[in-house]
Amino acid sequence: MLVRRFCTSFARSNPHPSLLFTKSANAFPNSNLNLQILNPRKTPNSKSFKSFSSSCKMGDGRRPPAVPIPSVESADKVELYRALEASLGSPFRSDPYVPNANPLIIVISGPSGVGKDAVIKRLQEVRSGIHFVVTATSRAMREGEINGKDYFFVSKEEFLTMVERDELLEYALVYGDYKGIPKQQIREFMAKGHDIVLRVDIQGAATLRRILGSSAVFVFLVAESEAALVQRLIDRKTETKETLLVRVATAREEVKHLRKFDYVVVNEEGRLERSVGLVEAIIDAEKARVRQRSVVI
Ligand SMILES: Nc1ncnc2c1ncn2[C@@H]1O[C@H](COP(=O)(O)OP(=O)(O)OP(=O)(O)O)[C@@H](O)[C@H]1O
């Protein structure tokens, strides 16, 4: 689009393209301005547009010599390319217009039983370059759990030392056990260009919003309705009647926080793939943002 807009204004102001620089040196009076507004990402090319604009005057006020441009129908491709280059006064650059997108932090939250783990697990299977942060916890390891995969299991003392050393992005005491997000893991994987996925409850998301502001992407996962959520929790068969009641009552309060998030994904019954696709679409759209989110941990 940039190129098309550029060419249009170029053609309008240059009815005789074979005599490009015999016309006014100010053939693109607004081009520099336009391009900066359209492409505020700091790229080598935004510079190159600038230098292009100034190259019309060759820095010292002289203009590049008029170069005859051969006819498009009869010219050799290389000859045409070189003539265009010569007319513009500098070689065409082949470095990318847009630099690699910044790594993202994607915070996935939502009521208990909505499918956060299911969505994240599937996302990791279908998309590379994603790191799901393993939480540190002071709770005892349960049978079947793997240290470093399900959690990093540490003692209460070790956990508190991590807090003292400011090694955790966010932490909370949950039913008597500490849980926290190690910063080092985020730094390490972001440095490799990976996107980071954090799975937190609604309270954790509120804390992260305070810490990260709009530098991270916040996704709220919901079921299609309260009834569907309760059904899913019953079907999961992991809860007692008491914890079921707590979870559904909490969920009723939690959905009120929806507006604090950037995106909402409805994880419909039997449509896990669609939900994962939506989360992927959000990541892709974020990667295509002109004004990239940038986070420093
Ligand atoms: N789209 C879906 N359709 C049907 N079942 C689903 C869907 N998404 C998840 N589930 C199932 O719902 C149950 C709850 O999902 P999951 O454990 O991922 O939720 P959660 O949000 O991580 O819960 P919690 O916060 O309590 O750990 C699981 O049995 C999971 O397989």
# chains A, B, ... in the order shown; residues from 1 in each chain; ligands from 1
$ closest_atom_pairs --of "chain A" --to "ligand 1" --cutoff "9 Å" --atoms "only C-alpha atoms and all ligand atoms" --output "JSON lines"
{"residue": "A:Ser109", "atom": "CA", "partner": "ligand 1", "partner_atom_place_in_ligand_line": "21 (O)", "distance": 7.7}
{"residue": "A:Gly110", "atom": "CA", "partner": "ligand 1", "partner_atom_place_in_ligand_line": "21 (O)", "distance": 6.4}
{"residue": "A:Pro111", "atom": "CA", "partner": "ligand 1", "partner_atom_place_in_ligand_line": "21 (O)", "distance": 6.1}
{"residue": "A:Ser112", "atom": "CA", "partner": "ligand 1", "partner_atom_place_in_ligand_line": "25 (O)", "distance": 3.5}
{"residue": "A:Gly113", "atom": "CA", "partner": "ligand 1", "partner_atom_place_in_ligand_line": "23 (O)", "distance": 3.5}
{"residue": "A:Val114", "atom": "CA", "partner": "ligand 1", "partner_atom_place_in_ligand_line": "21 (O)", "distance": 4.1}
{"residue": "A:Gly115", "atom": "CA", "partner": "ligand 1", "partner_atom_place_in_ligand_line": "18 (O)", "distance": 3.3}
{"residue": "A:Lys116", "atom": "CA", "partner": "ligand 1", "partner_atom_place_in_ligand_line": "21 (O)", "distance": 3.8}
{"residue": "A:Asp117", "atom": "CA", "partner": "ligand 1", "partner_atom_place_in_ligand_line": "18 (O)", "distance": 3.6}
{"residue": "A:Ala118", "atom": "CA", "partner": "ligand 1", "partner_atom_place_in_ligand_line": "18 (O)", "distance": 3.8}
{"residue": "A:Val119", "atom": "CA", "partner": "ligand 1", "partner_atom_place_in_ligand_line": "18 (O)", "distance": 6.5}
{"residue": "A:Ile120", "atom": "CA", "partner": "ligand 1", "partner_atom_place_in_ligand_line": "18 (O)", "distance": 8.0}
{"residue": "A:Lys121", "atom": "CA", "partner": "ligand 1", "partner_atom_place_in_ligand_line": "18 (O)", "distance": 8.3}
{"residue": "A:Arg199", "atom": "CA", "partner": "ligand 1", "partner_atom_place_in_ligand_line": "22 (O)", "distance": 8.5}
{"residue": "A:Val200", "atom": "CA", "partner": "ligand 1", "partner_atom_place_in_ligand_line": "25 (O)", "distance": 8.3}
{"residue": "A:Asp201", "atom": "CA", "partner": "ligand 1", "partner_atom_place_in_ligand_line": "25 (O)", "distance": 7.0}
{"residue": "A:Leu221", "atom": "CA", "partner": "ligand 1", "partner_atom_place_in_ligand_line": "21 (O)", "distance": 8.0}
{"residue": "A:Val222", "atom": "CA", "partner": "ligand 1", "partner_atom_place_in_ligand_line": "21 (O)", "distance": 8.9}
{"residue": "A:Ala223", "atom": "CA", "partner": "ligand 1", "partner_atom_place_in_ligand_line": "1 (N)", "distance": 8.0}
{"residue": "A:Leu229", "atom": "CA", "partner": "ligand 1", "partner_atom_place_in_ligand_line": "12 (O)", "distance": 8.4}
{"residue": "A:Arg232", "atom": "CA", "partner": "ligand 1", "partner_atom_place_in_ligand_line": "12 (O)", "distance": 5.3}
{"residue": "A:Leu233", "atom": "CA", "partner": "ligand 1", "partner_atom_place_in_ligand_line": "13 (C)", "distance": 6.2}
{"residue": "A:Ile234", "atom": "CA", "partner": "ligand 1", "partner_atom_place_in_ligand_line": "13 (C)", "distance": 8.8}
{"residue": "A:Asp235", "atom": "CA", "partner": "ligand 1", "partner_atom_place_in_ligand_line": "29 (O)", "distance": 6.8}
{"residue": "A:Arg236", "atom": "CA", "partner": "ligand 1", "partner_atom_place_in_ligand_line": "29 (O)", "distance": 4.4}
{"residue": "A:Lys237", "atom": "CA", "partner": "ligand 1", "partner_atom_place_in_ligand_line": "29 (O)", "distance": 8.0}
{"residue": "A:Thr238", "atom": "CA", "partner": "ligand 1", "partner_atom_place_in_ligand_line": "29 (O)", "distance": 8.7}
{"residue": "A:Arg247", "atom": "CA", "partner": "ligand 1", "partner_atom_place_in_ligand_line": "26 (O)", "distance": 8.0}
{"residue": "A:Val266", "atom": "CA", "partner": "ligand 1", "partner_atom_place_in_ligand_line": "1 (N)", "distance": 8.6}
{"residue": "A:Asn267", "atom": "CA", "partner": "ligand 1", "partner_atom_place_in_ligand_line": "1 (N)", "distance": 4.9}
{"residue": "A:Glu268", "atom": "CA", "partner": "ligand 1", "partner_atom_place_in_ligand_line": "1 (N)", "distance": 4.8}
{"residue": "A:Glu269", "atom": "CA", "partner": "ligand 1", "partner_atom_place_in_ligand_line": "3 (N)", "distance": 3.6}
{"residue": "A:Gly270", "atom": "CA", "partner": "ligand 1", "partner_atom_place_in_ligand_line": "3 (N)", "distance": 3.7}
{"residue": "A:Arg271", "atom": "CA", "partner": "ligand 1", "partner_atom_place_in_ligand_line": "1 (N)", "distance": 4.5}
{"residue": "A:Leu272", "atom": "CA", "partner": "ligand 1", "partner_atom_place_in_ligand_line": "1 (N)", "distance": 3.8}
{"residue": "A:Glu273", "atom": "CA", "partner": "ligand 1", "partner_atom_place_in_ligand_line": "1 (N)", "distance": 7.5}
{"residue": "A:Arg274", "atom": "CA", "partner": "ligand 1", "partner_atom_place_in_ligand_line": "1 (N)", "distance": 8.2}
{"residue": "A:Ser275", "atom": "CA", "partner": "ligand 1", "partner_atom_place_in_ligand_line": "1 (N)", "distance": 7.1}
$ select_by_dssp --residues "stretch 107-284 of chain A" --states "strand (DSSP E or B)" --output "VMD selection string"
chain A and resid 107 to 109 130 to 132 136 to 137 147 151 to 153 168 to 174 177 to 182 195 to 199 217 to 222 263 to 266
$ write_last_selection --atoms "C-alpha atoms" --output "PDB file, in the first residue's frame"
ATOM      1  CA  VAL A 107      -1.677 -13.376  29.384  1.00  0.00           C
ATOM      2  CA  ILE A 108      -4.450 -15.957  29.231  1.00  0.00           C
ATOM      3  CA  SER A 109      -7.003 -15.855  31.983  1.00  0.00           C
ATOM      4  CA  ILE A 130       5.839 -19.981  22.032  1.00  0.00           C
ATOM      5  CA  HIS A 131       7.058 -20.479  25.556  1.00  0.00           C
ATOM      6  CA  PHE A 132       4.572 -21.303  28.261  1.00  0.00           C
ATOM      7  CA  ALA A 136       7.220 -21.652  40.709  1.00  0.00           C
ATOM      8  CA  THR A 137       5.274 -22.981  43.691  1.00  0.00           C
ATOM      9  CA  ASN A 147       9.305 -30.726  38.311  1.00  0.00           C
ATOM     10  CA  TYR A 151       5.650 -26.375  38.163  1.00  0.00           C
ATOM     11  CA  PHE A 152       9.044 -25.556  39.599  1.00  0.00           C
ATOM     12  CA  PHE A 153       8.688 -26.997  43.065  1.00  0.00           C
ATOM     13  CA  LEU A 168       9.284 -12.979  40.352  1.00  0.00           C
ATOM     14  CA  LEU A 169       7.146 -10.935  38.017  1.00  0.00           C
ATOM     15  CA  GLU A 170       4.056 -11.594  40.108  1.00  0.00           C
ATOM     16  CA  TYR A 171       3.280 -13.895  43.004  1.00  0.00           C
ATOM     17  CA  ALA A 172       0.392 -14.768  45.286  1.00  0.00           C
ATOM     18  CA  LEU A 173      -0.429 -16.929  48.244  1.00  0.00           C
ATOM     19  CA  VAL A 174      -3.098 -19.367  47.047  1.00  0.00           C
ATOM     20  CA  ASP A 177       0.872 -22.105  48.951  1.00  0.00           C
ATOM     21  CA  TYR A 178       2.943 -19.544  47.104  1.00  0.00           C
ATOM     22  CA  LYS A 179       2.780 -19.355  43.328  1.00  0.00           C
ATOM     23  CA  GLY A 180       4.840 -16.983  41.202  1.00  0.00           C
ATOM     24  CA  ILE A 181       6.095 -16.248  37.713  1.00  0.00           C
ATOM     25  CA  PRO A 182       9.913 -16.376  37.386  1.00  0.00           C
ATOM     26  CA  ASP A 195       6.420 -15.260  22.547  1.00  0.00           C
ATOM     27  CA  ILE A 196       5.542 -15.831  26.165  1.00  0.00           C
ATOM     28  CA  VAL A 197       2.262 -17.281  27.383  1.00  0.00           C
ATOM     29  CA  LEU A 198       1.264 -16.738  30.984  1.00  0.00           C
ATOM     30  CA  ARG A 199      -1.720 -18.505  32.494  1.00  0.00           C
ATOM     31  CA  VAL A 217      -1.759  -8.741  25.531  1.00  0.00           C
ATOM     32  CA  PHE A 218      -4.551  -9.834  27.854  1.00  0.00           C
ATOM     33  CA  VAL A 219      -6.942 -12.525  26.627  1.00  0.00           C
ATOM     34  CA  PHE A 220     -10.055 -13.499  28.566  1.00  0.00           C
ATOM     35  CA  LEU A 221     -11.377 -16.972  27.913  1.00  0.00           C
ATOM     36  CA  VAL A 222     -15.079 -17.588  28.575  1.00  0.00           C
ATOM     37  CA  TYR A 263      -9.568  -9.655  23.762  1.00  0.00           C
ATOM     38  CA  VAL A 264     -12.246 -12.170  24.659  1.00  0.00           C
ATOM     39  CA  VAL A 265     -12.314 -15.675  23.222  1.00  0.00           C
ATOM     40  CA  VAL A 266     -15.438 -17.791  23.609  1.00  0.00           C
TER      41      VAL A 266
END
$ atom_distance --atom1 "atom CA of A:Ser215" --atom2 "atom CA of A:Arg293"
5.0 Å
$ atom_distance --atom1 "atom CA of A:Ala227" --atom2 "atom CA of A:Leu245"
13.2 Å
$ closest_residue --among "A:Ser90, A:Gln124, A:Gln203, A:Thr135" --to "A:Thr250" --atoms "only C-alpha atoms"
A:Gln203
$ select_by_dssp --residues "stretch 98-257 of chain A" --states "helix (DSSP H, G or I)" --output "VMD selection string"
chain A and resid 116 to 126 156 to 164 183 to 191 202 to 215 226 to 236 241 to 257
$ residues_around --residues "A:Asn100" --least-positions-apart "3" --cutoff "9 Å" --atoms "only C-alpha atoms" --output "mmCIF file with N, CA and C atoms, in the first residue's frame"
data_model
loop_
_atom_site.group_PDB
_atom_site.id
_atom_site.type_symbol
_atom_site.label_atom_id
_atom_site.label_comp_id
_atom_site.auth_asym_id
_atom_site.auth_seq_id
_atom_site.Cartn_x
_atom_site.Cartn_y
_atom_site.Cartn_z
ATOM 1 N N PRO A 96 14.716 -5.691 4.769
ATOM 2 C CA PRO A 96 13.249 -5.709 4.861
ATOM 3 C C PRO A 96 12.650 -4.346 5.240
ATOM 4 N N PRO A 103 8.837 -9.797 20.424
ATOM 5 C CA PRO A 103 8.203 -10.919 21.128
ATOM 6 C C PRO A 103 7.070 -10.380 22.013
ATOM 7 N N LYS A 287 1.269 -9.163 15.972
ATOM 8 C CA LYS A 287 2.575 -9.139 15.287
ATOM 9 C C LYS A 287 2.550 -8.158 14.119
#
